[in-house]
$ cat upload-v2.cif   # mmCIF, C-alpha atoms and all ligand atoms
data_structure
#
loop_
_atom_site.label_atom_id
_atom_site.label_comp_id
_atom_site.auth_asym_id
_atom_site.auth_seq_id
_atom_site.Cartn_x
_atom_site.Cartn_y
_atom_site.Cartn_z
CA MET X 23 -31.42 -3.21 -10.06
CA LYS X 24 -28.18 -5.24 -9.96
CA THR X 25 -26.19 -5.58 -13.19
CA LEU X 26 -23.15 -7.62 -14.19
CA ILE X 27 -21.12 -7.46 -17.40
CA ILE X 28 -19.19 -10.54 -18.52
CA TYR X 29 -16.70 -10.30 -21.35
CA PHE X 30 -14.29 -12.50 -23.26
CA SER X 31 -11.53 -10.45 -24.87
CA GLN X 32 -8.12 -11.36 -26.21
CA SER X 33 -6.71 -8.30 -27.95
CA GLY X 34 -8.69 -5.89 -25.72
CA ASN X 35 -11.39 -4.55 -28.08
CA THR X 36 -14.32 -6.24 -26.35
CA ARG X 37 -12.96 -5.31 -22.91
CA LYS X 38 -12.84 -1.61 -23.91
CA VAL X 39 -16.42 -1.76 -25.16
CA ALA X 40 -17.52 -3.69 -22.04
CA GLU X 41 -16.09 -0.97 -19.79
CA CYS X 42 -17.97 1.75 -21.70
CA ILE X 43 -21.25 -0.16 -21.57
CA ARG X 44 -20.64 -0.55 -17.83
CA ASN X 45 -20.21 3.22 -17.48
CA GLY X 46 -23.51 3.73 -19.30
CA VAL X 47 -25.32 1.35 -16.95
CA VAL X 48 -23.75 3.15 -13.96
CA ASP X 49 -25.01 6.50 -15.37
CA VAL X 50 -28.56 5.16 -14.96
CA THR X 51 -28.46 2.80 -11.97
CA GLY X 52 -25.32 3.79 -10.05
CA GLN X 53 -23.97 0.19 -10.08
CA CYS X 54 -22.58 -2.37 -12.48
CA ASP X 55 -20.10 -5.17 -11.76
CA ILE X 56 -17.79 -6.35 -14.53
CA THR X 57 -15.77 -9.54 -14.94
CA ASP X 58 -13.71 -11.53 -17.38
CA ILE X 59 -15.49 -14.71 -18.52
CA ASN X 60 -12.87 -16.88 -16.79
CA ASN X 61 -13.73 -15.49 -13.36
CA VAL X 62 -17.51 -15.88 -13.42
CA ASP X 63 -19.16 -17.53 -10.43
CA THR X 64 -22.13 -19.04 -12.29
CA SER X 65 -23.90 -19.90 -9.02
CA ALA X 66 -24.10 -16.15 -8.25
CA LEU X 67 -25.66 -15.15 -11.59
CA GLN X 68 -29.20 -15.47 -10.27
CA ASN X 69 -28.48 -12.50 -7.97
CA TYR X 70 -28.32 -10.19 -10.99
CA ASN X 71 -31.46 -8.72 -12.62
CA LEU X 72 -29.49 -7.80 -15.71
CA VAL X 73 -26.39 -9.44 -17.23
CA GLY X 74 -24.46 -8.36 -20.34
CA LEU X 75 -22.35 -10.94 -22.17
CA GLY X 76 -19.81 -9.78 -24.75
CA CYS X 77 -17.21 -11.42 -26.98
CA PRO X 78 -15.51 -11.08 -30.36
CA THR X 79 -16.93 -12.74 -33.45
CA HIS X 80 -14.77 -15.72 -34.39
CA TYR X 81 -15.47 -17.59 -37.60
CA TYR X 82 -18.86 -15.87 -38.09
CA LYS X 83 -20.23 -16.70 -34.64
CA GLU X 84 -19.34 -16.61 -30.92
CA PRO X 85 -15.96 -18.18 -30.07
CA PHE X 86 -16.17 -21.87 -29.17
CA ASN X 87 -15.19 -21.25 -25.52
CA VAL X 88 -18.02 -18.70 -25.16
CA ARG X 89 -20.43 -21.23 -26.61
CA GLU X 90 -19.25 -23.75 -24.00
CA PHE X 91 -19.69 -21.15 -21.26
CA ILE X 92 -23.31 -20.54 -22.32
CA ASP X 93 -24.09 -24.23 -22.61
CA GLY X 94 -22.69 -24.80 -19.09
CA LEU X 95 -24.87 -22.13 -17.46
CA PRO X 96 -27.51 -23.17 -14.95
CA GLU X 97 -31.23 -22.48 -15.62
CA LEU X 98 -31.75 -18.74 -15.18
CA ARG X 99 -35.46 -18.45 -15.80
CA ASN X 100 -36.77 -14.95 -16.63
CA ARG X 101 -33.41 -13.25 -16.04
CA GLN X 102 -32.70 -10.39 -18.45
CA TRP X 103 -29.46 -10.57 -20.46
CA PHE X 104 -28.10 -8.46 -23.28
CA LEU X 105 -25.40 -9.30 -25.82
CA PHE X 106 -22.57 -7.28 -27.35
CA CYS X 107 -19.72 -8.15 -29.65
CA THR X 108 -16.77 -6.66 -31.50
CA HIS X 109 -15.85 -7.80 -35.00
CA GLY X 110 -13.76 -7.01 -38.02
CA SER X 111 -16.75 -6.66 -40.40
CA ILE X 112 -18.93 -9.79 -40.53
CA ILE X 113 -20.85 -10.41 -37.31
CA ALA X 114 -23.02 -13.00 -39.13
CA ASN X 115 -24.54 -15.56 -36.76
CA THR X 116 -22.96 -14.29 -33.51
CA PHE X 117 -26.09 -12.90 -31.84
CA PRO X 118 -28.68 -15.42 -33.16
CA SER X 119 -26.48 -18.31 -32.06
CA MET X 120 -25.85 -16.90 -28.57
CA ALA X 121 -29.47 -15.83 -28.09
CA GLU X 122 -30.83 -19.22 -29.09
CA ARG X 123 -28.58 -20.97 -26.54
CA LEU X 124 -29.38 -18.48 -23.78
CA LYS X 125 -33.11 -18.84 -24.41
CA LYS X 126 -32.75 -22.59 -23.75
CA LYS X 127 -31.65 -21.61 -20.22
CA GLY X 128 -34.85 -19.62 -19.74
CA ILE X 129 -33.01 -16.31 -20.19
CA MET X 130 -34.75 -13.35 -21.85
CA VAL X 131 -32.35 -11.63 -24.29
CA MET X 132 -33.34 -7.95 -24.38
CA GLY X 133 -30.57 -6.06 -26.19
CA TYR X 134 -27.85 -6.34 -28.83
CA HIS X 135 -24.92 -4.09 -29.67
CA ASP X 136 -22.03 -4.66 -32.09
CA THR X 137 -18.89 -2.60 -32.61
CA TYR X 138 -16.39 -2.59 -35.49
CA ALA X 139 -12.88 -3.30 -34.26
CA ASP X 140 -9.30 -3.82 -35.31
CA SER X 141 -8.38 -7.37 -36.21
CA LYS X 142 -4.97 -9.06 -36.23
CA MET X 143 -4.62 -12.39 -38.01
CA PRO X 144 -1.16 -13.93 -38.50
CA TYR X 145 -1.74 -14.60 -42.20
CA LEU X 146 -3.34 -11.20 -43.05
CA PRO X 147 -1.58 -7.88 -43.53
CA TYR X 148 -1.58 -5.33 -40.73
CA PRO X 149 -2.87 -2.57 -40.48
CA THR X 150 -6.16 -3.88 -41.74
CA LEU X 151 -9.46 -2.50 -43.00
CA THR X 152 -10.90 -1.76 -39.54
CA THR X 153 -7.73 -0.55 -37.83
CA GLY X 154 -8.53 2.48 -35.64
CA HIS X 155 -11.82 1.05 -34.36
CA PRO X 156 -13.18 1.15 -31.74
CA ASP X 157 -12.53 4.91 -31.65
CA SER X 158 -13.97 7.48 -29.25
CA LEU X 159 -17.26 7.64 -31.20
CA ASP X 160 -17.68 3.86 -31.07
CA LEU X 161 -16.99 3.94 -27.34
CA GLU X 162 -19.49 6.76 -26.79
CA GLU X 163 -22.07 4.66 -28.66
CA ALA X 164 -21.27 1.75 -26.34
CA ARG X 165 -21.87 3.97 -23.32
CA SER X 166 -25.22 5.15 -24.78
CA PHE X 167 -26.14 1.52 -25.33
CA GLY X 168 -25.38 0.85 -21.63
CA ARG X 169 -27.74 3.66 -20.62
CA GLU X 170 -30.41 2.50 -23.07
CA VAL X 171 -30.30 -1.11 -21.94
CA ALA X 172 -30.45 -0.18 -18.24
CA GLU X 173 -33.53 2.00 -18.83
CA ARG X 174 -35.11 -0.69 -21.01
CA SER X 175 -34.53 -3.29 -18.31
CA GLN X 176 -36.30 -1.14 -15.73
CA ARG X 177 -39.31 -0.77 -18.05
CA ILE X 178 -39.38 -4.52 -18.87
CA THR X 179 -39.34 -5.26 -15.12
CA GLU X 180 -42.38 -2.99 -14.80
CA GLY X 181 -44.14 -5.17 -17.41
CA ASP X 182 -43.47 -3.53 -20.79
CA THR X 183 -42.38 -6.57 -22.86
CA SER X 184 -43.01 -4.74 -26.18
CA LEU X 185 -39.46 -3.41 -25.81
CA ILE X 186 -37.69 -6.72 -26.36
CA PRO X 187 -35.92 -6.64 -29.76
CA GLU X 188 -34.86 -9.53 -31.99
CA PRO X 189 -31.32 -9.74 -33.38
CA GLU X 190 -30.99 -8.33 -36.91
CA PRO X 191 -31.77 -11.03 -39.51
CA VAL X 192 -28.69 -12.75 -40.96
CA SER X 193 -28.42 -13.64 -44.64
CA GLU X 194 -28.37 -17.32 -45.58
CA GLU X 195 -24.85 -16.88 -46.94
CA TRP X 196 -23.44 -16.02 -43.49
CA VAL X 197 -25.50 -18.62 -41.64
CA ARG X 198 -24.01 -21.24 -43.98
CA GLU X 199 -20.48 -19.89 -43.41
CA ALA X 200 -20.96 -19.93 -39.63
CA GLU X 201 -22.14 -23.53 -39.75
CA MET X 202 -19.41 -24.56 -42.15
CA TYR X 203 -16.59 -23.37 -39.86
CA SER X 204 -16.97 -26.22 -37.38
CA LEU X 205 -14.01 -27.33 -35.25
CA GLU X 206 -13.68 -30.34 -37.56
CA LEU X 207 -13.28 -28.13 -40.63
CA LEU X 208 -10.87 -25.79 -38.82
CA GLU X 209 -8.79 -28.75 -37.76
CA ARG X 210 -8.50 -29.77 -41.41
CA ILE X 211 -7.76 -26.36 -42.94
CA SER X 212 -5.84 -24.49 -40.21
CA PRO X 213 -2.07 -24.66 -40.00
CA HIS X 214 -0.85 -27.05 -37.34
CA LEU X 215 0.60 -25.14 -34.35
CA SER X 216 3.69 -26.44 -32.61
CA ILE X 217 6.10 -25.19 -29.94
CA ASN X 218 9.74 -24.80 -30.88
CA MET X 219 11.55 -25.57 -27.61
CA ASP X 220 14.77 -24.04 -28.91
CA LYS X 221 13.00 -20.67 -28.86
CA CYS X 222 10.65 -21.22 -25.88
CA THR X 223 11.68 -19.54 -22.60
CA LEU X 224 8.97 -21.32 -20.55
CA CYS X 225 7.36 -17.93 -19.80
CA HIS X 226 3.94 -19.65 -19.87
CA ALA X 227 2.25 -16.74 -21.73
CA CYS X 228 0.74 -19.17 -24.26
CA GLN X 229 -0.51 -21.59 -21.60
CA ASP X 230 -1.89 -18.87 -19.30
CA ASN X 231 -3.72 -17.15 -22.19
CA CYS X 232 -5.19 -20.19 -23.93
CA PRO X 233 -8.99 -19.81 -23.62
CA VAL X 234 -9.53 -23.58 -23.56
CA LYS X 235 -6.54 -24.44 -21.34
CA GLY X 236 -5.28 -26.51 -24.25
CA ILE X 237 -1.55 -25.96 -23.80
CA ASP X 238 0.75 -27.88 -21.46
CA ILE X 239 4.20 -26.41 -21.70
CA GLU X 240 5.67 -28.68 -18.99
CA ALA X 241 4.62 -31.89 -20.77
CA ASP X 242 7.33 -33.82 -22.58
CA PRO X 243 7.03 -32.98 -25.43
CA PRO X 244 5.03 -29.73 -24.77
CA ARG X 245 1.46 -30.13 -25.98
CA ILE X 246 -1.09 -28.02 -27.86
CA GLN X 247 -4.42 -29.82 -27.92
CA THR X 248 -6.08 -30.75 -31.21
CA PRO X 249 -8.59 -29.55 -32.09
CA CYS X 250 -7.93 -26.24 -30.37
CA ILE X 251 -10.29 -23.32 -31.10
CA TYR X 252 -7.93 -21.78 -33.68
CA CYS X 253 -7.87 -18.28 -32.14
CA PHE X 254 -4.05 -18.18 -32.61
CA PHE X 255 -3.72 -16.10 -29.48
CA CYS X 256 -0.85 -18.29 -28.26
CA TRP X 257 1.04 -17.23 -31.38
CA LYS X 258 0.23 -13.56 -30.70
CA VAL X 259 1.35 -13.54 -27.06
CA CYS X 260 4.54 -15.57 -27.46
CA PRO X 261 7.37 -13.05 -27.04
CA THR X 262 9.95 -15.25 -28.80
CA LEU X 263 7.88 -16.57 -31.77
CA ALA X 264 8.25 -20.09 -30.37
CA ILE X 265 4.70 -20.99 -31.48
CA GLU X 266 5.21 -21.97 -35.07
CA ALA X 267 2.89 -22.68 -37.99
CA ASP X 268 2.98 -22.70 -41.74
CA TRP X 269 0.98 -19.52 -42.47
CA GLU X 270 2.03 -19.25 -46.08
CA PHE X 271 -0.84 -21.25 -47.55
CA LEU X 272 -3.55 -19.17 -45.81
CA ALA X 273 -1.75 -15.96 -46.76
CA THR X 274 -2.31 -16.80 -50.43
CA PHE X 275 -6.05 -16.20 -49.88
CA THR X 276 -5.53 -12.59 -48.72
CA PRO X 277 -6.85 -10.85 -51.87
CA GLU X 278 -10.00 -13.00 -51.78
CA ILE X 279 -10.56 -12.46 -48.04
CA TYR X 280 -9.96 -8.71 -48.37
CA ALA X 281 -12.36 -8.39 -51.30
CA ARG X 282 -15.07 -10.02 -49.22
CA LEU X 283 -14.45 -7.88 -46.14
CA ARG X 284 -14.25 -4.76 -48.27
CA ARG X 285 -17.59 -5.55 -49.93
CA GLU X 286 -19.27 -5.88 -46.52
CA LEU X 287 -17.62 -2.75 -45.12
CA ASP X 288 -18.55 -0.69 -48.20
CA LYS X 289 -22.18 -1.82 -47.78
CA SER X 290 -22.14 -0.90 -44.08
CA ALA X 291 -20.53 2.46 -44.83
CA ALA X 292 -23.27 3.16 -47.41
CA HIS X 293 -25.86 2.56 -44.66
CA GLY X 294 -23.99 4.81 -42.21
CA LYS X 295 -23.16 1.89 -39.94
CA PHE X 296 -19.41 1.89 -40.58
CA ARG X 297 -16.91 4.76 -40.85
CA TRP X 298 -13.63 4.30 -42.72
CA LEU X 299 -10.72 5.42 -40.54
CA ILE X 300 -8.15 4.15 -42.99
CA ASP X 301 -7.87 4.45 -46.76
CA PRO X 302 -8.63 0.86 -47.86
CA ASP X 303 -6.74 1.41 -51.13
CA SER X 304 -3.58 2.23 -49.24
CA LEU X 305 -3.32 -1.22 -47.62
CA SER X 306 -0.64 -3.65 -48.65
CA PHE X 307 -1.73 -7.11 -49.77
CA ASP X 308 1.57 -8.79 -49.41
CA ASP X 309 2.96 -8.15 -45.97
CA PRO X 310 1.21 -10.55 -43.59
CA LEU X 311 1.51 -10.01 -39.84
CA TYR X 312 3.57 -13.16 -39.35
CA LYS X 313 6.28 -11.77 -41.64
CA GLN X 314 6.14 -8.40 -39.87
CA ARG X 315 6.61 -10.11 -36.50
CA GLU X 316 9.54 -12.13 -37.81
CA ARG X 317 11.18 -8.91 -38.95
CA GLU X 318 10.38 -7.22 -35.64
CA PHE X 319 11.89 -10.17 -33.79
CA LYS X 320 15.07 -9.72 -35.75
CA GLY X 321 15.00 -6.05 -34.72
CA GLU X 322 14.13 -4.79 -38.18
CA LYS X 323 10.68 -3.23 -37.70
CA GLN X 324 8.35 -2.13 -34.91
CA ILE X 325 4.65 -3.19 -35.05
CA ASP X 326 2.10 -0.97 -33.23
C1 LIG Y 401 -9.70 -16.50 -34.91
C2 LIG Y 401 -10.41 -15.25 -35.27
C3 LIG Y 401 -11.54 -15.30 -36.06
C4 LIG Y 401 -12.23 -14.11 -36.39
N1 LIG Y 401 -13.35 -14.20 -37.14
C5 LIG Y 401 -14.04 -13.08 -37.44
C6 LIG Y 401 -15.26 -13.14 -38.19
O1 LIG Y 401 -15.77 -14.21 -38.55
N2 LIG Y 401 -15.87 -11.97 -38.49
C7 LIG Y 401 -15.38 -10.76 -38.11
O2 LIG Y 401 -15.97 -9.73 -38.43
N3 LIG Y 401 -14.24 -10.67 -37.37
C8 LIG Y 401 -13.57 -11.78 -37.02
N4 LIG Y 401 -12.43 -11.72 -36.26
C9 LIG Y 401 -11.97 -10.39 -35.75
C10 LIG Y 401 -12.38 -10.19 -34.28
O3 LIG Y 401 -13.75 -10.42 -34.11
C11 LIG Y 401 -12.04 -8.79 -33.79
O4 LIG Y 401 -10.70 -8.51 -33.98
C12 LIG Y 401 -12.42 -8.60 -32.31
O5 LIG Y 401 -12.59 -7.23 -32.05
C13 LIG Y 401 -11.40 -9.15 -31.34
O6 LIG Y 401 -11.86 -8.90 -30.04
P1 LIG Y 401 -10.92 -8.83 -28.76
O7 LIG Y 401 -9.92 -7.72 -29.00
O8 LIG Y 401 -11.85 -8.49 -27.64
O9 LIG Y 401 -10.28 -10.16 -28.61
C14 LIG Y 401 -11.74 -12.86 -35.92
C15 LIG Y 401 -10.60 -12.82 -35.13
C16 LIG Y 401 -9.94 -14.00 -34.79
C17 LIG Y 401 -8.72 -13.92 -33.91
#
$ encode --input "upload-v2.cif" --output "structure tokens" --more "lines below"
Ligand SMILES: Cc1cc2nc3c(=O)[nH]c(=O)nc-3n(C[C@H](O)[C@H](O)[C@H](O)COP(=O)(O)O)c2cc1C
Amino acid sequence: MKTLIIYFSQSGNTRKVAECIRNGVVDVTGQCDITDINNVDTSALQNYNLVGLGCPTHYYKEPFNVREFIDGLPELRNRQWFLFCTHGSIIANTFPSMAERLKKKGIMVMGYHDTYADSKMPYLPYPTLTTGHPDSLDLEEARSFGREVAERSQRITEGDTSLIPEPEPVSEEWVREAEMYSLELLERISPHLSINMDKCTLCHACQDNCPVKGIDIEADPPRIQTPCIYCFFCWKVCPTLAIEADWEFLATFTPEIYARLRRELDKSAAHGKFRWLIDPDSLSFDDPLYKQREREFKGEKQID
């Protein structure tokens, strides 16, 4: 059995989980290739009996670039794929949306695994409610999932299709949210990103890390495409804070956003699905990451 794991990961959570799932597959089959989503040779995918595809949840579903990747896949009739994701509390439509698109390519989706993970948003305080995840227990669970999915794949290949699970049902509330956060809406409500050339050192970190290749730093004036996919990773990787935006407005929603996340995490903790690694009552509501980075830039404070 030949297996490949494909991941999209910006801050590293999904990559960590992908590597542990890979180790689990290797425990069972002795082999598992792994690649970043940007380096996938889609014409070679038919050589794999089993493929795992993993990404973060963005805006209650798979990130827009991952959606494009799936839609651009060739027909892969009867190939077995499994899905995994990392998220800061509300996975919502991530798996149903990915599975539906993969099924249109003839792919059989035969496993799902999600992992709670740290989340850094410019307009939210940091540390946040899920800081500390994925920890060693989460990563051990990911490895077990790798073993489980490899064994399941072998049994499905032998004809036991009773083992194919469905993604967990998603409440109407989250399906609606996932649909609502279209690129059009994000374009209207997200702060406009621009590049301050007085601060830019032309290091190209933003351009090289943009998942949709939407930044041209050499253009005159330098260009960030609109709509982009609003992952704000260019802002995170810029070492000189040259990517600028007015975060203040979104930061005013922090108490509302936190109350929502907290409600979901409390529910998950009650079902034993989530473990608090941080005291949620100890978190500050009024020190968003963008302000912390500004202070750090001025040499006033170190962020982990
Ligand atoms: C733009 C953006 C949108 C996000 N939306 C969600 C979301 O809808 N639900 C959620 O639980 N987490 C959300 N997150 C948190 C990420 O899913 C989480 O931090 C993930 O582990 C990041 O993965 P990575 O480190 O592999 O990039 C979002 C993060 C970003 C940057």
$ residues_around --input "upload-v2.cif" --residues "Asn45 in chain X" --least-positions-apart "3" --cutoff "8 Å" --atoms "only C-alpha atoms" --output "ChimeraX atom specification"
/X:41-42,48-49,54,165,168
$ residues_around --input "upload-v2.cif" --residues "Ser111 in chain X" --least-positions-apart "5" --cutoff "9 Å" --atoms "all atoms listed in the file" --output "JSON, numbers by chain"
{"X": [138, 139, 151, 152, 283, 284, 286, 287, 290, 296]}
$ write_last_selection --input "upload-v2.cif" --atoms "C-alpha atoms" --output "compact mmCIF listing (two decimals), in the frame of the given file"
# COMPACT_ATOMS: atom_id res chain seq x y z
CA TYR X 138 -16.39 -2.59 -35.49
CA ALA X 139 -12.88 -3.30 -34.26
CA LEU X 151 -9.46 -2.50 -43.00
CA THR X 152 -10.90 -1.76 -39.54
CA LEU X 283 -14.45 -7.88 -46.14
CA ARG X 284 -14.25 -4.76 -48.27
CA GLU X 286 -19.27 -5.88 -46.52
CA LEU X 287 -17.62 -2.75 -45.12
CA SER X 290 -22.14 -0.90 -44.08
CA PHE X 296 -19.41 1.89 -40.58
$ closest_residue --input "upload-v2.cif" --among "X:Lys127, X:Glu84, X:Leu208, X:His109" --to "Thr153 in chain X" --atoms "all atoms listed in the file"
X:His109
$ residues_near_ligand --input "upload-v2.cif" --ligand "ligand LIG 401 (chain Y)" --cutoff "9 Å" --atoms "all atoms listed in the file" --output "ChimeraX atom specification"
/X:29-39,76-85,107-114,116,137-144,152,155-156,199-200,251-255,283
$ axis_aligned_box --input "upload-v2.cif" --around "range 157-166 of chain X" --padding-each-side "4 Å" --output "JSON"
{"center_x": -18.9, "center_y": 4.7, "center_z": -27.5, "size_x": 20.7, "size_y": 13.9, "size_z": 16.3}
$ closest_residue --input "upload-v2.cif" --among "X:Glu195, X:Glu188, X:Asp220, X:Glu240" --to "Pro118 in chain X" --atoms "only C-alpha atoms"
X:Glu188
$ atom_distance --input "upload-v2.cif" --atom1 "CA of Ala172 in chain X" --atom2 "CA of Met132 in chain X"
10.3 Å
$ atom_distance --input "upload-v2.cif" --atom1 "CA of Ile211 in chain X" --atom2 "CA of Glu122 in chain X"
27.8 Å
$ atom_distance --input "upload-v2.cif" --atom1 "CA of Val131 in chain X" --atom2 "CA of Cys232 in chain X"
28.5 Å
$ residues_around --input "upload-v2.cif" --residues "range 92-96 of chain X" --least-positions-apart "3" --cutoff "12 Å" --atoms "all atoms listed in the file" --output "JSON, numbers by chain"
{"X": [28, 59, 62, 63, 64, 65, 66, 67, 68, 75, 76, 77, 84, 85, 86, 87, 88, 89, 99, 101, 103, 105, 119, 120, 121, 122, 123, 124, 125, 126, 127, 128, 129]}
$ closest_residue --input "upload-v2.cif" --among "X:Trp257, X:Tyr148, X:Phe117, X:Tyr312" --to "Asn218 in chain X" --atoms "all atoms listed in the file"
X:Trp257
$ residues_around --input "upload-v2.cif" --residues "Ser216 in chain X" --least-positions-apart "4" --cutoff "12 Å" --atoms "all atoms listed in the file" --output "JSON, numbers by chain"
{"X": [220, 221, 222, 228, 237, 238, 239, 243, 244, 245, 246, 247, 248, 250, 254, 256, 257, 263, 264, 265, 266, 267, 268]}
$ closest_residue --input "upload-v2.cif" --among "X:Asn60, X:Gln102, X:Ser306, X:Ser166" --to "Glu90 in chain X" --atoms "all atoms listed in the file"
X:Asn60
